[in-house]
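J.: Got a structure for you, questions after.
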Amino acid sequence: MSLPFLAAADVAERLTPTAAIDALQDALLSGLDPEADPPRSALAVGDGELLVMPSATAAHAVVKLVTVGGEPRIQGVCVVFDATTLAPVALVDGIALTNVRTPAVSALAVRALAAPDARRLLVFGRGPQAHGHVEAIRAVRAIEHVAMVGRDAGRVDELVAAADIVCCATTARGPLFDGSLVPDHATVVAIGSHEPDAREVDDALVGRATVVVESRGSALREAGDVIGAIASGALREDELVTLADLVCGRVSVPAGPRLFKSTGMAWEDAVVASALVR
């Protein structure tokens with residue numbers, strides 16, 4: 001059987017950031033429940049691991065297979081099945097898919113959380129996810145100024161204090177900045193890790209912020225920024241807000257900083273891959 005393969009160029013051609021954001025929003029509005037996703041499974045392979053992420057939409061069942069620790073560090077493929085016939089219908093470059101869906105999920109949260117007049121974006125990281133987030137966030141807010149911070153932090157305190165939106169897309173194991181400096185009106189997005197012992201933001205921010213997650217289950221399994229803050233007492237589990245509740249208007253966000261902590265979930269791959277195949 002020969003299946004069509006959607007490479008990175010095909011993914012970019014078929015789906016704009018806005019289309020990916022809208023597909024995710026429509027899925028949540030139509031009743032998709034992120035809590036129903038099975039946990040991400042991992043298998044140790046050599047010096048790395050194989051991650052398996054299955055999920056489904058009304059139209060397609062999708063399994064993303066990703067390896068971490070090889071050369072290049074992250075590689076993968078996504079298999080798309082027809083939900084009615086259960087026949088495989090396409091293969092998608094797994095990294096290209098991730099590089100679209102992760103910024104789109106963050107931008108969906110930013111669309112709901114950030115001040116309408118947000119103009120200044122600060123990004124920690126300089127890799128594909130960092131650049132993808134700039135493009136996606138520009139699709140939902142009229143960003144006029146972007147600052148990107150790499151390993152040489154430089155003027156971090158000054159940049160954080162002036163930002164409307166802060167995006168953390170790094171492999172950091174510890175907080176990147178002093179959360180007490182984040183302005184009350186600002187929105188912070190942290191997407192760099194799905195490991196329970198890794199953090200990009202500190203308790204000073206989490207304790208002040210409304211914390212939004214893709215699902216409570218995934219956050220409590222994998223989100224170090226959430227797990228660490230609960231362990232320290234800076235956050236209670238019942239204070240977590242889900243992205244679905246936010247998008248569907250079931251919750252209102254009080255004044256103060258907003259934090260969206262993402263671990264990446266299979267339902268997001270399924271929604272975006274289904275939109276690509278359609």
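If you're wondering about the labels, chains in the structure tokens are A, B, ... by order shown, residues count from 1 in each chain, ligands from 1 in order shown.
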Using DSSP secondary structure from the backbone, list all strand (DSSP E) positions within range 23-199 of chain A, as a PyMOL selection string.

T.: chain A and resi 41-45+48-56+60-68+74-82+88-93+120-124+145-149+165-168+187-190

J.: Would you mind listing, for every residue of range 48-149 of chain A within 9 Å of range 254-277 of chain A, the two atoms forming the shortest contact and the distance between them in Å to one decimal, using only C-alpha atoms, sorted by chain and ascending residue number, as JSON lines?

T.:
```
{"residue": "A:Val52", "atom": "CA", "partner": "A:Ala266", "partner_atom": "CA", "distance": 8.9}
{"residue": "A:Met53", "atom": "CA", "partner": "A:Ala266", "partner_atom": "CA", "distance": 5.2}
{"residue": "A:Pro54", "atom": "CA", "partner": "A:Ala266", "partner_atom": "CA", "distance": 5.8}
{"residue": "A:Ser55", "atom": "CA", "partner": "A:Trp267", "partner_atom": "CA", "distance": 5.3}
{"residue": "A:Ala56", "atom": "CA", "partner": "A:Ala270", "partner_atom": "CA", "distance": 5.7}
{"residue": "A:Thr57", "atom": "CA", "partner": "A:Ala270", "partner_atom": "CA", "distance": 6.3}
{"residue": "A:Ala59", "atom": "CA", "partner": "A:Ser274", "partner_atom": "CA", "distance": 7.0}
{"residue": "A:His60", "atom": "CA", "partner": "A:Ser274", "partner_atom": "CA", "distance": 6.0}
{"residue": "A:Ala61", "atom": "CA", "partner": "A:Ala270", "partner_atom": "CA", "distance": 6.8}
{"residue": "A:Val62", "atom": "CA", "partner": "A:Ala270", "partner_atom": "CA", "distance": 5.2}
{"residue": "A:Val63", "atom": "CA", "partner": "A:Ala270", "partner_atom": "CA", "distance": 7.7}
{"residue": "A:Lys64", "atom": "CA", "partner": "A:Asp269", "partner_atom": "CA", "distance": 7.4}
{"residue": "A:Cys78", "atom": "CA", "partner": "A:Ala273", "partner_atom": "CA", "distance": 8.1}
{"residue": "A:Val79", "atom": "CA", "partner": "A:Ala273", "partner_atom": "CA", "distance": 8.9}
{"residue": "A:Val80", "atom": "CA", "partner": "A:Ala273", "partner_atom": "CA", "distance": 7.2}
{"residue": "A:Val89", "atom": "CA", "partner": "A:Val277", "partner_atom": "CA", "distance": 8.3}
{"residue": "A:Ala90", "atom": "CA", "partner": "A:Val277", "partner_atom": "CA", "distance": 7.3}
{"residue": "A:Val92", "atom": "CA", "partner": "A:Ala273", "partner_atom": "CA", "distance": 7.5}
{"residue": "A:Gly94", "atom": "CA", "partner": "A:Asp269", "partner_atom": "CA", "distance": 9.0}
{"residue": "A:Leu97", "atom": "CA", "partner": "A:Asp269", "partner_atom": "CA", "distance": 7.1}
{"residue": "A:Thr98", "atom": "CA", "partner": "A:Asp269", "partner_atom": "CA", "distance": 7.2}
{"residue": "A:Val100", "atom": "CA", "partner": "A:Val272", "partner_atom": "CA", "distance": 8.1}
{"residue": "A:Arg101", "atom": "CA", "partner": "A:Val272", "partner_atom": "CA", "distance": 6.4}
{"residue": "A:Thr102", "atom": "CA", "partner": "A:Gly264", "partner_atom": "CA", "distance": 6.7}
{"residue": "A:Val105", "atom": "CA", "partner": "A:Glu268", "partner_atom": "CA", "distance": 7.5}
{"residue": "A:Ser106", "atom": "CA", "partner": "A:Phe260", "partner_atom": "CA", "distance": 7.5}
{"residue": "A:Ala109", "atom": "CA", "partner": "A:Phe260", "partner_atom": "CA", "distance": 6.8}
{"residue": "A:Val110", "atom": "CA", "partner": "A:Phe260", "partner_atom": "CA", "distance": 8.2}
{"residue": "A:Leu113", "atom": "CA", "partner": "A:Arg258", "partner_atom": "CA", "distance": 6.8}
{"residue": "A:Ala114", "atom": "CA", "partner": "A:Arg258", "partner_atom": "CA", "distance": 7.9}
```

J.: Based on the selection just made, write N, CA and C atoms of those residues as a PDB file, in the first residue's frame.

T.:
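Output file out.pdb is given in full below:
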```pdb
ATOM      1  N   VAL A  52       4.562   7.487  21.884  1.00  0.00           N
ATOM      2  CA  VAL A  52       3.396   7.076  21.095  1.00  0.00           C
ATOM      3  C   VAL A  52       2.198   7.891  21.571  1.00  0.00           C
ATOM      4  N   MET A  53       1.524   8.585  20.631  1.00  0.00           N
ATOM      5  CA  MET A  53       0.435   9.487  20.982  1.00  0.00           C
ATOM      6  C   MET A  53      -0.764   9.251  20.064  1.00  0.00           C
ATOM      7  N   PRO A  54      -1.752   8.460  20.495  1.00  0.00           N
ATOM      8  CA  PRO A  54      -2.945   8.222  19.687  1.00  0.00           C
ATOM      9  C   PRO A  54      -4.123   9.097  20.119  1.00  0.00           C
ATOM     10  N   SER A  55      -4.947   9.482  19.158  1.00  0.00           N
ATOM     11  CA  SER A  55      -6.191  10.182  19.460  1.00  0.00           C
ATOM     12  C   SER A  55      -7.075  10.114  18.217  1.00  0.00           C
ATOM     13  N   ALA A  56      -8.260  10.710  18.304  1.00  0.00           N
ATOM     14  CA  ALA A  56      -9.189  10.639  17.174  1.00  0.00           C
ATOM     15  C   ALA A  56     -10.095  11.854  17.144  1.00  0.00           C
ATOM     16  N   THR A  57     -10.511  12.211  15.937  1.00  0.00           N
ATOM     17  CA  THR A  57     -11.567  13.192  15.717  1.00  0.00           C
ATOM     18  C   THR A  57     -12.747  12.451  15.108  1.00  0.00           C
ATOM     19  N   ALA A  59     -13.587  12.545  12.102  1.00  0.00           N
ATOM     20  CA  ALA A  59     -13.244  12.114  10.749  1.00  0.00           C
ATOM     21  C   ALA A  59     -12.052  11.172  10.678  1.00  0.00           C
ATOM     22  N   HIS A  60     -11.115  11.288  11.616  1.00  0.00           N
ATOM     23  CA  HIS A  60      -9.874  10.532  11.504  1.00  0.00           C
ATOM     24  C   HIS A  60      -9.368  10.049  12.870  1.00  0.00           C
ATOM     25  N   ALA A  61      -8.715   8.903  12.844  1.00  0.00           N
ATOM     26  CA  ALA A  61      -7.912   8.438  13.975  1.00  0.00           C
ATOM     27  C   ALA A  61      -6.451   8.672  13.625  1.00  0.00           C
ATOM     28  N   VAL A  62      -5.683   9.124  14.592  1.00  0.00           N
ATOM     29  CA  VAL A  62      -4.315   9.558  14.318  1.00  0.00           C
ATOM     30  C   VAL A  62      -3.383   9.006  15.388  1.00  0.00           C
ATOM     31  N   VAL A  63      -2.221   8.528  14.949  1.00  0.00           N
ATOM     32  CA  VAL A  63      -1.183   8.108  15.880  1.00  0.00           C
ATOM     33  C   VAL A  63       0.111   8.817  15.500  1.00  0.00           C
ATOM     34  N   LYS A  64       0.661   9.594  16.432  1.00  0.00           N
ATOM     35  CA  LYS A  64       1.969  10.219  16.189  1.00  0.00           C
ATOM     36  C   LYS A  64       3.039   9.408  16.895  1.00  0.00           C
ATOM     37  N   CYS A  78       3.468  10.794  11.595  1.00  0.00           N
ATOM     38  CA  CYS A  78       2.088  10.697  12.057  1.00  0.00           C
ATOM     39  C   CYS A  78       1.305   9.880  11.040  1.00  0.00           C
ATOM     40  N   VAL A  79       0.576   8.867  11.511  1.00  0.00           N
ATOM     41  CA  VAL A  79      -0.233   8.017  10.645  1.00  0.00           C
ATOM     42  C   VAL A  79      -1.696   8.414  10.817  1.00  0.00           C
ATOM     43  N   VAL A  80      -2.370   8.687   9.695  1.00  0.00           N
ATOM     44  CA  VAL A  80      -3.766   9.134   9.727  1.00  0.00           C
ATOM     45  C   VAL A  80      -4.648   8.036   9.141  1.00  0.00           C
ATOM     46  N   VAL A  89      -4.871   6.530   5.543  1.00  0.00           N
ATOM     47  CA  VAL A  89      -5.071   7.388   4.375  1.00  0.00           C
ATOM     48  C   VAL A  89      -3.897   8.323   4.112  1.00  0.00           C
ATOM     49  N   ALA A  90      -3.015   8.539   5.086  1.00  0.00           N
ATOM     50  CA  ALA A  90      -1.891   9.453   4.856  1.00  0.00           C
ATOM     51  C   ALA A  90      -0.853   9.305   5.948  1.00  0.00           C
ATOM     52  N   VAL A  92       2.129  11.871   7.741  1.00  0.00           N
ATOM     53  CA  VAL A  92       2.497  13.271   7.865  1.00  0.00           C
ATOM     54  C   VAL A  92       3.833  13.364   8.598  1.00  0.00           C
ATOM     55  N   GLY A  94       6.040  14.105  11.241  1.00  0.00           N
ATOM     56  CA  GLY A  94       5.645  14.317  12.628  1.00  0.00           C
ATOM     57  C   GLY A  94       6.188  15.595  13.225  1.00  0.00           C
ATOM     58  N   LEU A  97       4.324  18.576  11.716  1.00  0.00           N
ATOM     59  CA  LEU A  97       3.009  18.650  12.346  1.00  0.00           C
ATOM     60  C   LEU A  97       3.114  19.291  13.731  1.00  0.00           C
ATOM     61  N   THR A  98       4.085  18.854  14.525  1.00  0.00           N
ATOM     62  CA  THR A  98       4.274  19.407  15.865  1.00  0.00           C
ATOM     63  C   THR A  98       4.599  20.893  15.812  1.00  0.00           C
ATOM     64  N   VAL A 100       3.567  23.004  13.772  1.00  0.00           N
ATOM     65  CA  VAL A 100       2.359  23.778  13.478  1.00  0.00           C
ATOM     66  C   VAL A 100       1.400  23.738  14.656  1.00  0.00           C
ATOM     67  N   ARG A 101       1.153  22.541  15.196  1.00  0.00           N
ATOM     68  CA  ARG A 101       0.088  22.403  16.201  1.00  0.00           C
ATOM     69  C   ARG A 101       0.451  23.023  17.538  1.00  0.00           C
ATOM     70  N   THR A 102       1.721  22.960  17.961  1.00  0.00           N
ATOM     71  CA  THR A 102       2.070  23.526  19.261  1.00  0.00           C
ATOM     72  C   THR A 102       1.892  25.044  19.288  1.00  0.00           C
ATOM     73  N   VAL A 105      -1.898  25.814  19.322  1.00  0.00           N
ATOM     74  CA  VAL A 105      -2.533  25.647  20.636  1.00  0.00           C
ATOM     75  C   VAL A 105      -2.222  26.846  21.523  1.00  0.00           C
ATOM     76  N   SER A 106      -0.966  27.265  21.544  1.00  0.00           N
ATOM     77  CA  SER A 106      -0.583  28.430  22.347  1.00  0.00           C
ATOM     78  C   SER A 106      -1.328  29.675  21.888  1.00  0.00           C
ATOM     79  N   ALA A 109      -4.841  29.811  23.107  1.00  0.00           N
ATOM     80  CA  ALA A 109      -4.891  30.294  24.487  1.00  0.00           C
ATOM     81  C   ALA A 109      -4.663  31.802  24.547  1.00  0.00           C
ATOM     82  N   VAL A 110      -3.699  32.285  23.772  1.00  0.00           N
ATOM     83  CA  VAL A 110      -3.418  33.726  23.744  1.00  0.00           C
ATOM     84  C   VAL A 110      -4.633  34.492  23.233  1.00  0.00           C
ATOM     85  N   LEU A 113      -6.812  34.756  26.222  1.00  0.00           N
ATOM     86  CA  LEU A 113      -6.261  35.286  27.469  1.00  0.00           C
ATOM     87  C   LEU A 113      -5.636  36.667  27.362  1.00  0.00           C
ATOM     88  N   ALA A 114      -4.952  36.945  26.268  1.00  0.00           N
ATOM     89  CA  ALA A 114      -4.141  38.165  26.195  1.00  0.00           C
ATOM     90  C   ALA A 114      -5.009  39.404  26.009  1.00  0.00           C
TER      91      ALA A 114
END
```

J.: For each of A:Thr171, A:Ser2, A:Ser30, A:Gln75, take the minimum atom-to-atom distance to Gly48 in chain A, counting only C-alpha atoms, then give the residue where this is smallest.

T.: A:Gln75

J.: Tell me, counting only C-alpha atoms, for each residue of range 32-150 of chain A within 9 Å of range 236-248 of chain A, which pair of atoms is nearest and how far apart they are in Å to one decimal, in rows ordered by chain and increasing number, as CSV.

T.:
```
residue,atom,partner,partner_atom,distance
A:Leu32,CA,A:Ala244,CA,8.4
A:Asp33,CA,A:Ala244,CA,7.6
A:Pro34,CA,A:Ala244,CA,7.8
A:Leu108,CA,A:Val247,CA,8.2
A:Ala109,CA,A:Leu243,CA,6.9
A:Ala112,CA,A:Val247,CA,6.7
A:Leu113,CA,A:Leu246,CA,8.6
```

J.: Please, could you write that set of residues out with N, CA, C and O atoms as a short mmCIF file (atom, residue, chain, number, x, y, z; two decimals), in the first residue's frame?

T.:
```cif
data_model
loop_
_atom_site.label_atom_id
_atom_site.label_comp_id
_atom_site.auth_asym_id
_atom_site.auth_seq_id
_atom_site.Cartn_x
_atom_site.Cartn_y
_atom_site.Cartn_z
N LEU A 32 -15.19 18.21 21.79
CA LEU A 32 -14.05 17.33 22.00
C LEU A 32 -13.54 17.49 23.44
O LEU A 32 -13.39 18.61 23.93
N ASP A 33 -13.28 16.38 24.10
CA ASP A 33 -12.86 16.39 25.50
C ASP A 33 -11.40 15.97 25.63
O ASP A 33 -11.08 14.78 25.53
N PRO A 34 -10.49 16.91 25.85
CA PRO A 34 -9.08 16.55 26.00
C PRO A 34 -8.81 15.56 27.13
O PRO A 34 -7.83 14.81 27.07
N LEU A 108 -4.18 29.83 20.40
CA LEU A 108 -5.59 29.73 20.79
C LEU A 108 -5.76 30.21 22.23
O LEU A 108 -6.71 30.95 22.55
N ALA A 109 -4.84 29.81 23.11
CA ALA A 109 -4.89 30.29 24.49
C ALA A 109 -4.66 31.80 24.55
O ALA A 109 -5.35 32.52 25.28
N ALA A 112 -7.65 33.87 23.72
CA ALA A 112 -8.64 33.96 24.79
C ALA A 112 -8.14 34.72 26.02
O ALA A 112 -8.95 35.27 26.77
N LEU A 113 -6.81 34.76 26.22
CA LEU A 113 -6.26 35.29 27.47
C LEU A 113 -5.64 36.67 27.36
O LEU A 113 -5.71 37.46 28.30
#
```

J.: Write out as a ChimeraX atom specification all residues of range 67-173 of chain A that backbone DSSP assigns to alpha helix (DSSP H).

T.: /A:94-113,128-138,156-162

J.: Residues at most 7 Å from Ala147 in chain A, counting only C-alpha atoms, excluding those fewer than 5 positions away in the same chain, as a count of residues only?

T.: 3

J.: With distances taken over only C-alpha atoms, which residue among A:Ala7, A:Arg120, A:Ser41, A:Thr210 lies nearest Glu222 in chain A?

T.: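 Smallest separation from Glu222 in chain A among the options: A:Ser41.
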
J.: Skip Arg199 in chain A itself and residues of its chain fewer than 6 positions away, then list as a short mmCIF file (atom, residue, chain, number, x, y, z; two decimals) with C-alpha atoms, in the first residue's frame all residues within 12 Å of it, counting only C-alpha atoms.

T.:
```
data_model
loop_
_atom_site.label_atom_id
_atom_site.label_comp_id
_atom_site.auth_asym_id
_atom_site.auth_seq_id
_atom_site.Cartn_x
_atom_site.Cartn_y
_atom_site.Cartn_z
CA CYS A 168 8.86 30.13 26.83
CA ALA A 169 10.00 27.57 24.24
CA THR A 170 13.20 26.15 25.71
CA THR A 171 14.78 22.98 27.07
CA ALA A 172 15.41 24.70 30.42
CA ARG A 173 15.27 22.64 33.60
CA GLY A 174 14.66 25.64 35.85
CA PRO A 175 12.78 28.98 35.76
CA LEU A 176 13.91 31.45 33.10
CA PHE A 177 13.00 34.71 34.86
CA ALA A 190 5.23 27.84 28.65
CA ILE A 191 5.59 24.98 26.17
CA GLY A 192 9.18 23.81 26.44
CA SER A 193 8.75 20.60 28.44
CA LEU A 205 4.45 33.74 38.70
CA VAL A 206 2.30 30.66 39.26
CA GLU A 222 3.68 15.88 32.95
CA ALA A 223 3.70 19.63 33.61
CA GLY A 224 6.63 20.35 35.90
CA ASP A 225 5.57 23.98 36.24
CA VAL A 226 2.24 22.81 37.66
CA ILE A 227 3.50 19.81 39.65
CA GLY A 228 6.27 21.81 41.30
CA ALA A 229 3.96 24.67 42.23
CA LYS A 261 1.14 25.70 30.51
CA SER A 262 1.16 23.24 27.62
CA THR A 263 2.59 19.72 27.54
#
```

J.: Can you tell me, as a list in words, what residues are no more than 7 Å from range 126-134 of chain A when counting only C-alpha atoms, ignoring any on the same chain fewer than 5 positions away?

T.: Asn99, Pro103, Met148, Gly150 and Ala169 of chain A
